[in-house]
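Content type mmCIF, C-alpha atoms, from the file input03.cif:
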```
data_structure
#
loop_
_atom_site.label_atom_id
_atom_site.label_comp_id
_atom_site.auth_asym_id
_atom_site.auth_seq_id
_atom_site.Cartn_x
_atom_site.Cartn_y
_atom_site.Cartn_z
CA MET F 1 0.00 0.00 0.00
CA LYS F 2 1.04 3.60 -0.54
CA ILE F 3 0.71 5.38 2.79
CA ILE F 4 1.37 9.08 3.32
CA ILE F 5 1.92 10.32 6.88
CA ALA F 6 1.56 14.02 7.68
CA GLY F 7 3.50 15.05 10.79
CA ASP F 8 7.19 14.39 11.45
CA GLY F 9 6.94 14.41 15.25
CA GLU F 10 7.48 11.37 17.44
CA THR F 11 4.17 9.73 16.50
CA GLY F 12 4.54 10.23 12.76
CA THR F 13 8.18 9.16 12.78
CA HIS F 14 7.40 6.00 14.76
CA LEU F 15 4.56 5.12 12.38
CA ALA F 16 6.77 5.63 9.34
CA ARG F 17 9.50 3.40 10.75
CA MET F 18 7.07 0.70 11.82
CA LEU F 19 5.06 0.63 8.59
CA SER F 20 8.19 0.70 6.42
CA VAL F 21 9.26 -2.51 8.17
CA GLU F 22 5.96 -3.99 6.95
CA ASN F 23 7.07 -3.35 3.34
CA GLN F 24 4.56 -0.55 2.80
CA ASP F 25 5.35 2.37 0.47
CA ILE F 26 5.71 5.23 2.98
CA VAL F 27 6.06 9.00 2.49
CA LEU F 28 6.48 11.23 5.57
CA ILE F 29 5.56 14.93 5.25
CA GLY F 30 7.05 17.47 7.68
CA GLU F 31 8.29 21.03 8.00
CA ASN F 32 11.58 20.45 9.86
CA ARG F 33 14.14 20.21 7.06
CA GLU F 34 17.05 19.04 9.24
CA HIS F 35 14.96 16.40 10.97
CA LEU F 36 13.65 15.12 7.64
CA ALA F 37 17.21 14.90 6.26
CA GLU F 38 18.23 12.73 9.22
CA LEU F 39 15.20 10.48 8.76
CA ASP F 40 15.78 10.20 5.03
CA ALA F 41 19.33 8.99 5.64
CA GLU F 42 18.41 6.35 8.22
CA GLY F 43 14.86 5.23 7.37
CA ASN F 44 13.43 2.94 4.71
CA PHE F 45 10.89 5.55 3.61
CA ILE F 46 10.69 8.79 1.64
CA THR F 47 10.47 12.22 3.29
CA SER F 48 8.89 15.32 1.79
CA GLU F 49 9.11 18.88 3.11
CA GLY F 50 5.89 20.86 3.22
CA ARG F 51 2.85 21.91 5.23
CA PRO F 52 0.16 19.23 5.65
CA THR F 53 -2.50 21.83 4.83
CA SER F 54 -0.84 22.82 1.55
CA ALA F 55 -2.56 21.27 -1.46
CA ALA F 56 0.62 21.77 -3.49
CA ALA F 57 2.70 19.91 -0.89
CA LEU F 58 0.21 17.03 -0.80
CA GLU F 59 0.08 16.75 -4.58
CA ARG F 60 3.88 16.85 -4.76
CA CYS F 61 4.22 13.72 -2.61
CA GLY F 62 1.52 11.80 -4.49
CA VAL F 63 -1.54 11.97 -2.25
CA GLY F 64 -3.78 11.50 -5.26
CA SER F 65 -2.66 7.86 -5.58
CA ALA F 66 -2.42 7.10 -1.83
CA ASP F 67 -4.26 4.12 -0.39
CA LEU F 68 -4.11 5.68 3.08
CA PHE F 69 -3.41 9.22 4.29
CA VAL F 70 -2.63 9.64 8.00
CA ALA F 71 -2.47 13.07 9.68
CA VAL F 72 -0.81 12.92 13.12
CA THR F 73 0.47 16.44 13.76
CA PRO F 74 0.01 17.82 17.32
CA ASP F 75 -2.88 20.04 16.13
CA GLU F 76 -6.20 18.30 15.50
CA ASN F 77 -7.54 21.12 13.30
CA THR F 78 -4.52 20.80 11.02
CA ASN F 79 -5.11 17.06 10.84
CA ILE F 80 -8.78 17.44 9.91
CA VAL F 81 -8.07 20.04 7.22
CA ALA F 82 -5.21 17.94 5.84
CA CYS F 83 -7.52 14.91 5.55
CA GLU F 84 -10.18 16.98 3.81
CA LEU F 85 -7.62 18.21 1.26
CA ALA F 86 -6.16 14.72 0.79
CA ARG F 87 -9.58 13.22 0.11
CA GLU F 88 -10.39 15.95 -2.45
CA ILE F 89 -7.07 15.30 -4.20
CA GLY F 90 -7.79 11.56 -4.39
CA ALA F 91 -6.59 9.67 -1.29
CA ALA F 92 -8.63 6.47 -0.90
CA LYS F 93 -8.83 6.54 2.90
CA CYS F 94 -7.91 9.14 5.53
CA ALA F 95 -7.16 8.93 9.26
CA ALA F 96 -6.66 11.86 11.63
CA ARG F 97 -5.31 12.12 15.13
CA VAL F 98 -7.74 14.18 17.24
CA ASP F 99 -7.43 15.19 20.87
CA SER F 100 -11.06 16.06 21.57
CA PRO F 101 -12.88 12.84 22.57
CA GLU F 102 -16.20 14.20 21.29
CA PHE F 103 -14.84 13.82 17.75
CA THR F 104 -14.76 10.03 18.09
CA GLY F 105 -18.47 9.32 18.35
CA GLY F 106 -21.99 10.28 17.37
CA VAL F 107 -22.79 13.36 15.31
CA SER F 108 -19.23 14.73 15.41
CA LEU F 109 -17.79 11.55 13.88
CA ALA F 110 -20.42 11.65 11.13
CA THR F 111 -19.43 15.26 10.43
CA LEU F 112 -15.76 14.30 10.22
CA ARG F 113 -16.59 11.55 7.74
CA ARG F 114 -18.40 14.04 5.53
CA HIS F 115 -15.17 16.05 5.55
CA GLY F 116 -13.07 13.09 4.49
CA VAL F 117 -11.93 11.62 7.82
CA ASP F 118 -12.64 7.87 7.77
CA LEU F 119 -10.89 7.12 11.06
CA ALA F 120 -10.53 9.50 14.02
CA ILE F 121 -7.75 8.40 16.38
CA CYS F 122 -7.94 9.86 19.89
CA PRO F 123 -4.84 8.47 21.65
CA GLU F 124 -5.81 9.85 25.05
CA LYS F 125 -9.20 8.15 24.88
CA LEU F 126 -7.68 4.86 23.70
CA ALA F 127 -5.07 5.05 26.47
CA ALA F 128 -7.79 5.66 29.06
CA GLY F 129 -9.65 2.57 27.87
CA GLU F 130 -6.52 0.45 28.23
CA ILE F 131 -5.90 1.81 31.74
CA SER F 132 -9.47 1.00 32.80
CA GLN F 133 -8.93 -2.58 31.59
CA PHE F 134 -5.83 -2.81 33.79
CA ILE F 135 -7.77 -1.58 36.82
CA CYS F 136 -10.24 -4.42 36.28
CA HIS F 137 -7.61 -7.09 35.43
CA ASN F 138 -4.52 -5.88 37.25
CA TRP F 139 -2.74 -9.25 37.21
CA ALA F 140 -2.25 -8.83 33.45
CA THR F 141 -0.07 -6.26 31.71
CA GLN F 142 -2.08 -6.50 28.47
CA TRP F 143 -5.75 -7.36 27.93
CA PHE F 144 -7.17 -7.45 24.41
CA PRO F 145 -10.73 -8.71 23.78
CA LEU F 146 -11.04 -10.01 20.21
CA ARG F 147 -14.17 -9.50 18.15
CA ARG F 148 -16.98 -9.35 20.73
CA GLY F 149 -14.87 -10.93 23.46
CA GLU F 150 -15.17 -14.54 22.24
CA LEU F 151 -11.38 -14.80 22.68
CA LEU F 152 -8.93 -12.80 24.77
CA VAL F 153 -5.24 -12.08 24.52
CA ALA F 154 -3.73 -11.65 27.99
CA GLY F 155 -0.13 -10.55 28.48
CA VAL F 156 1.10 -11.68 31.91
CA ARG F 157 4.53 -11.08 33.44
CA MET F 158 5.92 -14.33 34.81
CA ALA F 159 6.79 -14.27 38.52
CA PRO F 160 9.40 -16.64 40.04
CA GLY F 161 6.69 -18.60 41.86
CA GLY F 162 4.49 -19.27 38.85
CA GLU F 163 3.59 -22.89 38.12
CA LEU F 164 4.82 -22.49 34.53
CA CYS F 165 8.04 -20.67 35.46
CA GLY F 166 11.06 -22.49 34.03
CA LYS F 167 9.02 -24.94 31.97
CA THR F 168 9.29 -25.41 28.24
CA LEU F 169 6.15 -25.26 26.14
CA ARG F 170 6.54 -28.97 25.47
CA ASP F 171 6.29 -29.64 29.24
CA ILE F 172 2.97 -27.82 29.66
CA PRO F 173 -0.01 -30.23 29.93
CA SER F 174 -2.37 -29.80 26.99
CA ASN F 175 -5.28 -32.05 27.93
CA PRO F 176 -7.60 -30.24 28.18
CA ARG F 177 -6.14 -27.40 26.07
CA LEU F 178 -7.24 -24.23 27.86
CA PHE F 179 -4.81 -21.67 26.43
CA HIS F 180 -2.19 -21.11 23.75
CA VAL F 181 1.17 -19.42 24.44
CA ALA F 182 1.43 -17.26 21.33
CA ALA F 183 4.39 -15.00 22.12
CA ILE F 184 7.03 -14.24 24.73
CA ARG F 185 8.57 -10.83 25.30
CA ARG F 186 11.99 -11.09 26.90
CA GLY F 187 13.56 -7.67 27.43
CA SER F 188 13.04 -5.85 24.13
CA ALA F 189 12.86 -9.04 22.03
CA ILE F 190 9.67 -10.76 20.92
CA ILE F 191 9.85 -14.55 20.61
CA ILE F 192 7.26 -16.53 18.67
CA PRO F 193 7.88 -19.74 20.64
CA ARG F 194 8.38 -23.35 19.63
CA GLY F 195 8.11 -26.44 21.82
CA ASP F 196 11.61 -26.16 23.27
CA ASP F 197 11.30 -22.50 24.35
CA SER F 198 11.14 -21.92 28.12
CA LEU F 199 9.00 -19.50 30.15
CA LEU F 200 11.31 -17.53 32.45
CA ALA F 201 10.74 -15.18 35.37
CA GLY F 202 10.42 -11.62 34.08
CA ASP F 203 9.09 -12.69 30.67
CA THR F 204 5.79 -11.28 29.51
CA ILE F 205 3.78 -14.24 28.22
CA TYR F 206 1.00 -13.60 25.70
CA PHE F 207 -1.80 -16.13 26.12
CA VAL F 208 -4.76 -16.67 23.81
CA VAL F 209 -7.58 -17.89 26.03
CA ARG F 210 -11.35 -18.19 26.18
CA PRO F 211 -12.99 -15.74 28.63
CA GLU F 212 -14.22 -18.55 30.88
CA ASP F 213 -10.67 -19.90 31.30
CA THR F 214 -8.82 -16.69 32.24
CA GLY F 215 -9.05 -17.53 35.95
CA ILE F 216 -6.27 -20.12 35.69
CA LEU F 217 -3.64 -17.70 34.32
CA PRO F 218 -2.77 -15.75 37.50
CA ARG F 219 -1.85 -18.96 39.36
CA LEU F 220 0.16 -20.31 36.44
CA CYS F 221 2.18 -17.09 36.29
CA GLY F 222 2.48 -16.46 40.04
CA ARG F 223 0.18 -13.43 39.98
CA ARG F 224 -2.94 -12.49 41.94
CA GLU F 225 -5.84 -10.14 41.42
CA ILE F 226 -5.89 -7.04 43.68
CA PRO F 227 -9.41 -5.79 44.54
CA VAL F 228 -9.30 -2.07 43.70
CA ARG F 229 -11.13 0.50 45.80
CA ARG F 230 -8.63 3.35 46.28
CA ILE F 231 -6.88 4.86 43.24
CA MET F 232 -4.26 7.61 43.27
CA ILE F 233 -3.41 9.38 40.00
CA SER F 234 -0.40 11.62 39.40
CA GLY F 235 -1.17 14.09 36.59
CA GLY F 236 -4.48 15.67 35.64
CA GLY F 237 -4.11 15.96 31.86
CA ARG F 238 -6.28 14.68 29.03
CA VAL F 239 -5.52 10.99 29.63
CA THR F 240 -6.67 11.38 33.24
CA GLU F 241 -9.83 13.26 32.22
CA ASN F 242 -10.74 10.54 29.72
CA LEU F 243 -10.07 7.87 32.35
CA LEU F 244 -12.24 9.63 34.94
CA GLU F 245 -15.12 9.70 32.46
CA ILE F 246 -14.93 5.89 32.45
CA ILE F 247 -14.31 5.08 36.12
CA ALA F 248 -15.44 8.05 38.22
CA GLY F 249 -18.91 6.57 38.72
CA ASP F 250 -17.70 3.05 39.57
CA HIS F 251 -17.55 3.48 43.36
CA TYR F 252 -13.79 4.01 43.48
CA ASN F 253 -12.17 6.45 45.91
CA ILE F 254 -10.04 8.51 43.50
CA THR F 255 -7.40 11.13 44.30
CA VAL F 256 -5.70 13.16 41.54
CA ILE F 257 -2.42 14.97 42.26
CA ASP F 258 -1.40 17.82 39.92
CA PRO F 259 0.81 20.92 40.35
CA ASP F 260 -1.53 23.08 38.20
CA ARG F 261 -4.13 24.75 40.46
CA GLU F 262 -6.53 25.58 37.62
CA ARG F 263 -6.42 22.01 36.37
CA CYS F 264 -7.26 20.75 39.85
CA HIS F 265 -10.25 23.12 40.04
CA ALA F 266 -11.45 21.92 36.63
CA ILE F 267 -11.24 18.25 37.67
CA ALA F 268 -12.97 18.89 41.00
CA SER F 269 -15.85 20.76 39.34
CA ARG F 270 -16.27 18.23 36.54
CA PHE F 271 -15.96 15.14 38.75
CA PRO F 272 -17.40 16.01 42.19
CA ARG F 273 -16.61 12.58 43.70
CA VAL F 274 -12.89 12.90 42.82
CA VAL F 275 -10.46 14.53 45.26
CA ALA F 276 -8.11 16.88 43.37
CA VAL F 277 -4.94 17.90 45.25
CA ASN F 278 -2.72 20.76 44.10
CA ALA F 279 0.78 19.35 44.64
CA ALA F 280 3.77 18.01 42.73
CA ALA F 281 4.11 14.28 42.12
CA SER F 282 7.44 14.41 43.97
CA ASP F 283 5.86 15.83 47.14
CA VAL F 284 6.10 12.66 49.23
CA LEU F 285 4.66 14.31 52.36
CA THR F 286 1.47 15.26 50.48
CA LEU F 287 1.25 11.80 48.92
CA LYS F 288 1.40 10.25 52.38
CA GLU F 289 -1.18 12.69 53.74
CA GLU F 290 -3.52 11.78 50.86
CA GLY F 291 -3.19 8.07 51.57
CA ILE F 292 -0.64 6.64 49.15
CA GLU F 293 0.12 3.92 51.72
CA LYS F 294 -3.51 2.75 51.52
CA CYS F 295 -4.10 3.02 47.77
CA ASP F 296 -4.63 -0.17 45.78
CA ILE F 297 -3.29 1.15 42.50
CA PHE F 298 -1.08 4.14 41.61
CA LEU F 299 -1.32 5.62 38.10
CA ALA F 300 1.48 7.95 36.93
CA LEU F 301 0.01 9.86 33.98
CA THR F 302 1.98 13.12 33.76
CA GLY F 303 3.57 14.19 30.49
CA SER F 304 7.07 13.31 31.75
CA SER F 305 8.20 9.67 31.44
CA GLU F 306 11.01 10.22 33.95
CA THR F 307 8.63 11.72 36.51
CA ASN F 308 6.21 8.84 36.03
CA ILE F 309 8.91 6.20 36.54
CA VAL F 310 10.15 7.86 39.73
CA SER F 311 6.58 8.33 41.02
CA CYS F 312 5.85 4.62 40.57
CA MET F 313 9.04 3.74 42.45
CA VAL F 314 7.97 6.02 45.33
CA ALA F 315 4.48 4.51 45.32
CA ARG F 316 5.90 0.99 45.42
CA GLU F 317 8.19 1.93 48.33
CA HIS F 318 5.11 3.12 50.24
CA GLY F 319 3.22 -0.11 49.69
CA ALA F 320 1.13 0.43 46.55
CA PRO F 321 0.50 -3.15 45.29
CA ARG F 322 -0.02 -2.09 41.64
CA THR F 323 1.58 0.71 39.61
CA LEU F 324 1.10 2.00 36.06
CA ALA F 325 3.23 4.54 34.21
CA ARG F 326 2.65 6.49 31.02
CA ILE F 327 5.95 6.28 29.11
CA GLU F 328 6.29 7.80 25.65
CA GLU F 329 9.94 6.91 25.00
CA LEU F 330 10.03 3.33 23.74
CA GLU F 331 13.62 2.85 24.90
CA TYR F 332 12.53 3.44 28.52
CA ILE F 333 10.00 0.59 28.55
CA PRO F 334 12.35 -2.36 29.34
CA GLU F 335 14.00 -0.29 32.08
CA ALA F 336 10.63 0.61 33.59
CA GLU F 337 9.54 -3.02 33.60
CA SER F 338 12.80 -4.05 35.30
CA LEU F 339 11.85 -1.64 38.10
CA SER F 340 8.67 -3.69 38.71
CA ILE F 341 6.25 -1.19 37.20
CA ASP F 342 3.25 -3.39 36.50
CA LYS F 343 1.85 -1.70 33.41
CA ILE F 344 3.22 0.66 30.75
CA ILE F 345 1.05 2.91 28.57
CA ASN F 346 2.56 4.21 25.32
CA LYS F 347 0.43 6.29 22.97
CA LYS F 348 2.67 5.64 19.95
CA LEU F 349 1.92 1.91 20.15
CA ILE F 350 -1.78 2.64 20.60
CA ASN F 351 -1.75 4.88 17.51
CA ALA F 352 0.14 2.24 15.57
CA GLY F 353 -2.50 -0.38 16.36
CA SER F 354 -5.22 1.92 15.06
CA ILE F 355 -3.36 2.55 11.81
CA LEU F 356 -2.68 -1.16 11.33
CA ASN F 357 -6.41 -1.72 11.77
CA ALA F 358 -7.03 0.73 8.94
CA ILE F 359 -4.57 -1.14 6.71
CA LEU F 360 -6.12 -4.53 7.39
CA GLU F 361 -9.66 -3.23 7.02
CA SER F 362 -8.84 -2.26 3.44
CA ASP F 363 -8.93 -6.01 2.77
CA SER F 364 -11.54 -7.20 5.27
CA ALA F 365 -14.17 -5.35 7.29
CA THR F 366 -13.79 -7.85 10.12
CA SER F 367 -10.03 -7.40 10.63
CA GLN F 368 -8.49 -6.34 13.91
CA CYS F 369 -4.90 -5.55 14.78
CA VAL F 370 -3.06 -4.68 17.98
CA SER F 371 0.49 -3.32 17.93
CA LEU F 372 2.93 -4.52 20.56
CA GLU F 373 6.41 -3.07 20.82
CA ASN F 374 8.03 -5.29 18.18
CA ALA F 375 5.10 -7.45 17.11
CA GLU F 376 1.48 -7.42 16.00
CA ILE F 377 -1.62 -9.40 16.88
CA ALA F 378 -3.88 -9.62 13.84
CA GLY F 379 -7.38 -11.00 13.67
CA ILE F 380 -8.28 -11.81 10.07
CA THR F 381 -11.25 -13.62 8.56
CA ALA F 382 -10.34 -16.66 6.45
CA ARG F 383 -11.73 -16.71 2.92
CA ASP F 384 -12.72 -19.47 0.51
CA SER F 385 -9.71 -20.92 -1.33
CA SER F 386 -7.18 -18.94 0.72
CA ARG F 387 -4.01 -20.75 1.71
CA ILE F 388 -4.84 -20.72 5.44
CA VAL F 389 -7.79 -23.13 4.87
CA SER F 390 -5.91 -25.58 2.65
CA LYS F 391 -4.30 -27.79 5.33
CA PRO F 392 -4.17 -28.39 9.10
CA ILE F 393 -2.09 -25.71 10.84
CA ALA F 394 0.85 -28.06 11.47
CA GLU F 395 1.14 -28.70 7.71
CA LEU F 396 0.99 -25.06 6.60
CA SER F 397 4.76 -24.51 7.08
CA LEU F 398 4.19 -21.09 8.65
CA PRO F 399 7.35 -18.95 8.44
CA LYS F 400 9.41 -18.38 11.56
CA GLY F 401 8.00 -15.46 13.51
CA ILE F 402 4.34 -16.30 12.79
CA THR F 403 1.94 -18.41 14.84
CA VAL F 404 -1.83 -18.98 14.89
CA GLY F 405 -3.08 -18.48 18.44
CA GLY F 406 -6.80 -19.20 18.17
CA LEU F 407 -9.91 -18.78 16.07
CA ILE F 408 -13.52 -17.75 16.43
CA ARG F 409 -16.07 -19.97 14.70
CA ASP F 410 -19.85 -19.48 14.85
CA GLY F 411 -19.45 -16.95 17.66
CA ARG F 412 -17.33 -19.17 19.91
CA GLY F 413 -13.62 -18.98 20.56
CA GLN F 414 -11.39 -22.03 20.07
CA ILE F 415 -7.79 -22.69 21.09
CA VAL F 416 -5.87 -24.16 18.17
CA GLU F 417 -3.39 -27.00 17.98
CA GLY F 418 -1.38 -28.59 15.18
CA ARG F 419 -4.25 -30.69 13.80
CA THR F 420 -6.74 -27.80 13.83
CA ARG F 421 -7.98 -26.94 10.35
CA VAL F 422 -9.14 -23.38 9.65
CA GLU F 423 -12.46 -23.13 7.79
CA PRO F 424 -13.73 -20.32 5.54
CA GLY F 425 -15.39 -17.65 7.67
CA ASP F 426 -13.27 -18.36 10.77
CA HIS F 427 -11.84 -15.27 12.46
CA VAL F 428 -8.21 -16.29 12.99
CA VAL F 429 -5.90 -14.75 15.62
CA VAL F 430 -2.32 -14.52 14.33
CA PHE F 431 0.78 -13.34 16.20
CA CYS F 432 3.73 -12.12 14.12
CA VAL F 433 6.96 -10.25 14.65
CA ALA F 434 7.27 -6.75 13.16
CA GLY F 435 7.77 -6.98 9.41
CA ALA F 436 5.92 -10.27 8.98
CA LEU F 437 2.42 -8.85 8.43
CA PRO F 438 2.65 -9.04 4.59
CA LYS F 439 3.51 -12.75 4.90
CA VAL F 440 0.49 -13.23 7.15
CA LYS F 441 -1.84 -11.54 4.69
CA ARG F 442 -0.65 -13.81 1.86
CA TYR F 443 -2.04 -16.80 3.76
CA PHE F 444 -5.47 -15.12 3.83
CA SER F 445 -5.61 -13.62 0.32
#
```

Could you quickly redo this structure as structure tokens?
Amino acid sequence: MKIIIAGDGETGTHLARMLSVENQDIVLIGENREHLAELDAEGNFITSEGRPTSAAALERCGVGSADLFVAVTPDENTNIVACELAREIGAAKCAARVDSPEFTGGVSLATLRRHGVDLAICPEKLAAGEISQFICHNWATQWFPLRRGELLVAGVRMAPGGELCGKTLRDIPSNPRLFHVAAIRRGSAIIIPRGDDSLLAGDTIYFVVRPEDTGILPRLCGRREIPVRRIMISGGGRVTENLLEIIAGDHYNITVIDPDRERCHAIASRFPRVVAVNAAASDVLTLKEEGIEKCDIFLALTGSSETNIVSCMVAREHGAPRTLARIEELEYIPEAESLSIDKIINKKLINAGSILNAILESDSATSQCVSLENAEIAGITARDSSRIVSKPIAELSLPKGITVGGLIRDGRGQIVEGRTRVEPGDHVVVFCVAGALPKVKRYFS
């Protein structure tokens, strides 16, 4: 596909790098000439200097023949106007990053579509949804319902006392088969495992499991569910506001700490049941006075990754059983996990998953994709006469770095094994390392 990305900031640059690995034809538009020159020298994509709202700049980089136009500048109005221009010039599909959550539903979304925006990506709203999932399932670092929840992907960090710790996949009993180990993240590396791969303490294990069988995973990985009543949040920005819209009415005792007095007043007036405290995240005395030693979960959601990491360390020292940090620098993620931060939120990865969805949906309206750090989880519907339905899974000779984790047939999830045969119409869950998505799609074409 030819994909044009408007915005050479961190989000746009990450998307260009990630999608170029997937063998897509990528053009990145930006206004910072020096930055673009550096990217052009190191990246496997084309850069083009110009304003995203300039019709001449869009035509110069070939928007008229683009399969997908993505506008991810920091300004949502620029993104919307850029999409409108791109659609008029001839782009087949347009996606815009927006920061106002009201743009992502109802009348506002219909209005955006009339102006050429097919997909509105609100990273703060998507991040808030992921955080709320962690509050409900805090023994798992990742929780992805597939389709209508018929199957789940749960990422769980292995503790030294887990029943599966130290075992190879071949040693795990499979009768009955209640889950499938689809991927292992060890440090910054993603492993699509084979039978002789071991599950080690500190690994994040990605399980495909039916909803009714998730209860066995905490014990197998040495984890336990923490009942959450008291929540402390550091940072009162847009991610926090979107999160409070989801959880403020769920009978939690919530305290928000923020150094901006006006922001605290706004949160207190908008969410009367939430306690807003005007203080810095580093003010340990205030944190203690507000009950950090009694909170069940601490969420560090400021705009500073370093501040969030340190805040989680302080919270853990004062007894918080669960911590979550918003970290935007991908290189900080392994370090944060080594410091026993239970959950990491990264908006770049969330954006990437949304864009991958748009790419897959160009082929199938029932596709779904989630972006991990160096891998993707794709849910794709099998078609008549496609290669994926030709043989049992064990005989398909799937390339290294690709595995089938499960499938949904007639509205019910199934865990696959070697003799499982995919049928036309099955919604198949595939794990693959970054760069392998084109190979996956060839099995379904």

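For the set F:Asn242, F:Thr323, F:Ser340, F:Ser234, the residue with the smallest atom-to-atom gap to Ala280 of chain F is F:Ser234, counting only C-alpha atoms.
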
Pick from F:Asn175, F:Thr214, F:Ser188, F:Ser445, whichever lies nearest to Glu331 of chain F using all atoms listed in the file: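 Smallest separation from Glu331 of chain F among the options: F:Ser188.
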
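Pairwise distance (atom CA of Pro52 of chain F, atom CA of Ala66 of chain F) equals 14.5 Å.
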
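Among the candidate residues F:Asn138, F:Leu85, F:Ser132, F:Gly425, the one lying nearest to His115 of chain F is F:Leu85, with distances computed using only C-alpha atoms.
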
Report, as lines of an AutoDock Vina configuration file, the axis-aligned box around all atoms of segment 217-224 of chain F present in the file, extended by 8 Å on each side; give centre and edge lengths in Å to one decimal place.
```
center_x = -0.6
center_y = -16.4
center_z = 38.1
size_x = 22.1
size_y = 23.8
size_z = 23.6
```

Just the residues within 12 Å of Thr13 of chain F, please, counting all atoms listed in the file, with nothing from its chain fewer than 4 positions along; format it as a PyMOL selection string. chain F and resi 4-9+17-20+26-30+35-36+38-40+42-47+70-73+348+351-352

Between segment 101-186 of chain F and segment 194-204 of chain F, at 6 Å or less, what are the per-residue closest atom pairs and their distances in Å? Count all atoms listed in the file, order by chain and rising residue number, and return it as a Markdown table.
```
| residue | atom | partner | partner_atom | distance |
| --- | --- | --- | --- | --- |
| F:Val156 | CA | F:Thr204 | CA | 5.3 |
| F:Arg157 | CA | F:Thr204 | CA | 4.1 |
| F:Met158 | CA | F:Ala201 | CA | 4.9 |
| F:Ala159 | CA | F:Ala201 | CA | 5.1 |
| F:Pro160 | CA | F:Ala201 | CA | 5.1 |
| F:Cys165 | CA | F:Leu200 | CA | 5.4 |
| F:Gly166 | CA | F:Leu200 | CA | 5.2 |
| F:Lys167 | CA | F:Ser198 | CA | 5.3 |
| F:Thr168 | CA | F:Ser198 | CA | 4.0 |
| F:Leu169 | CA | F:Gly195 | CA | 4.9 |
| F:Arg170 | CA | F:Gly195 | CA | 4.7 |
| F:Ile184 | CA | F:Thr204 | CA | 5.8 |
| F:Arg185 | CA | F:Thr204 | CA | 5.1 |
| F:Arg186 | CA | F:Asp203 | CA | 5.0 |
```

On this file, the PyMOL selection byres ((chain F and resi 112-114) around 10) gives some set of residues; write that set as a PDB file with C-alpha atoms, in the frame of the given file.
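Result file out.pdb:
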```pdb
ATOM      1  CA  ILE F  80      -8.780  17.440   9.910  1.00  0.00           C
ATOM      2  CA  CYS F  83      -7.520  14.910   5.550  1.00  0.00           C
ATOM      3  CA  GLU F  84     -10.180  16.980   3.810  1.00  0.00           C
ATOM      4  CA  CYS F  94      -7.910   9.140   5.530  1.00  0.00           C
ATOM      5  CA  ALA F  95      -7.160   8.930   9.260  1.00  0.00           C
ATOM      6  CA  ALA F  96      -6.660  11.860  11.630  1.00  0.00           C
ATOM      7  CA  PHE F 103     -14.840  13.820  17.750  1.00  0.00           C
ATOM      8  CA  THR F 104     -14.760  10.030  18.090  1.00  0.00           C
ATOM      9  CA  GLY F 105     -18.470   9.320  18.350  1.00  0.00           C
ATOM     10  CA  VAL F 107     -22.790  13.360  15.310  1.00  0.00           C
ATOM     11  CA  SER F 108     -19.230  14.730  15.410  1.00  0.00           C
ATOM     12  CA  LEU F 109     -17.790  11.550  13.880  1.00  0.00           C
ATOM     13  CA  ALA F 110     -20.420  11.650  11.130  1.00  0.00           C
ATOM     14  CA  THR F 111     -19.430  15.260  10.430  1.00  0.00           C
ATOM     15  CA  HIS F 115     -15.170  16.050   5.550  1.00  0.00           C
ATOM     16  CA  GLY F 116     -13.070  13.090   4.490  1.00  0.00           C
ATOM     17  CA  VAL F 117     -11.930  11.620   7.820  1.00  0.00           C
ATOM     18  CA  ASP F 118     -12.640   7.870   7.770  1.00  0.00           C
ATOM     19  CA  LEU F 119     -10.890   7.120  11.060  1.00  0.00           C
ATOM     20  CA  ALA F 120     -10.530   9.500  14.020  1.00  0.00           C
TER      21      ALA F 120
END
```

Ranking F:Arg412, F:Lys294, F:Arg419, F:Lys441 by minimum distance to Leu146 of chain F and counting all atoms listed in the file, which one comes first?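 Smallest separation from Leu146 of chain F among the options: F:Arg412.
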
From F:Glu10, F:Asp296, F:Asp67, F:Glu124, residue lying nearest Ile345 of chain F [all atoms listed in the file]: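 Checking each of F:Glu10, F:Asp296, F:Asp67, F:Glu124 against Ile345 of chain F, counting all atoms listed in the file, the winner is F:Glu124.
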
N, CA, C and O atoms for segment 42-46 of chain F, written as an mmCIF file, in the frame of the given file, could you do that?
```
data_model
loop_
_atom_site.group_PDB
_atom_site.id
_atom_site.type_symbol
_atom_site.label_atom_id
_atom_site.label_comp_id
_atom_site.auth_asym_id
_atom_site.auth_seq_id
_atom_site.Cartn_x
_atom_site.Cartn_y
_atom_site.Cartn_z
ATOM 1 N N GLU F 42 18.427 7.566 7.400
ATOM 2 C CA GLU F 42 18.410 6.350 8.220
ATOM 3 C C GLU F 42 17.208 5.466 7.993
ATOM 4 O O GLU F 42 17.237 4.268 8.294
ATOM 5 N N GLY F 43 16.110 5.994 7.454
ATOM 6 C CA GLY F 43 14.860 5.230 7.370
ATOM 7 C C GLY F 43 14.644 4.626 5.999
ATOM 8 O O GLY F 43 15.206 5.073 4.986
ATOM 9 N N ASN F 44 13.786 3.614 5.960
ATOM 10 C CA ASN F 44 13.430 2.940 4.710
ATOM 11 C C ASN F 44 12.119 3.524 4.182
ATOM 12 O O ASN F 44 11.180 2.806 3.852
ATOM 13 N N PHE F 45 12.068 4.865 4.129
ATOM 14 C CA PHE F 45 10.890 5.550 3.610
ATOM 15 C C PHE F 45 11.319 6.893 3.042
ATOM 16 O O PHE F 45 12.435 7.366 3.277
ATOM 17 N N ILE F 46 10.409 7.511 2.301
ATOM 18 C CA ILE F 46 10.690 8.790 1.640
ATOM 19 C C ILE F 46 10.184 9.925 2.526
ATOM 20 O O ILE F 46 9.137 9.812 3.171
#
```
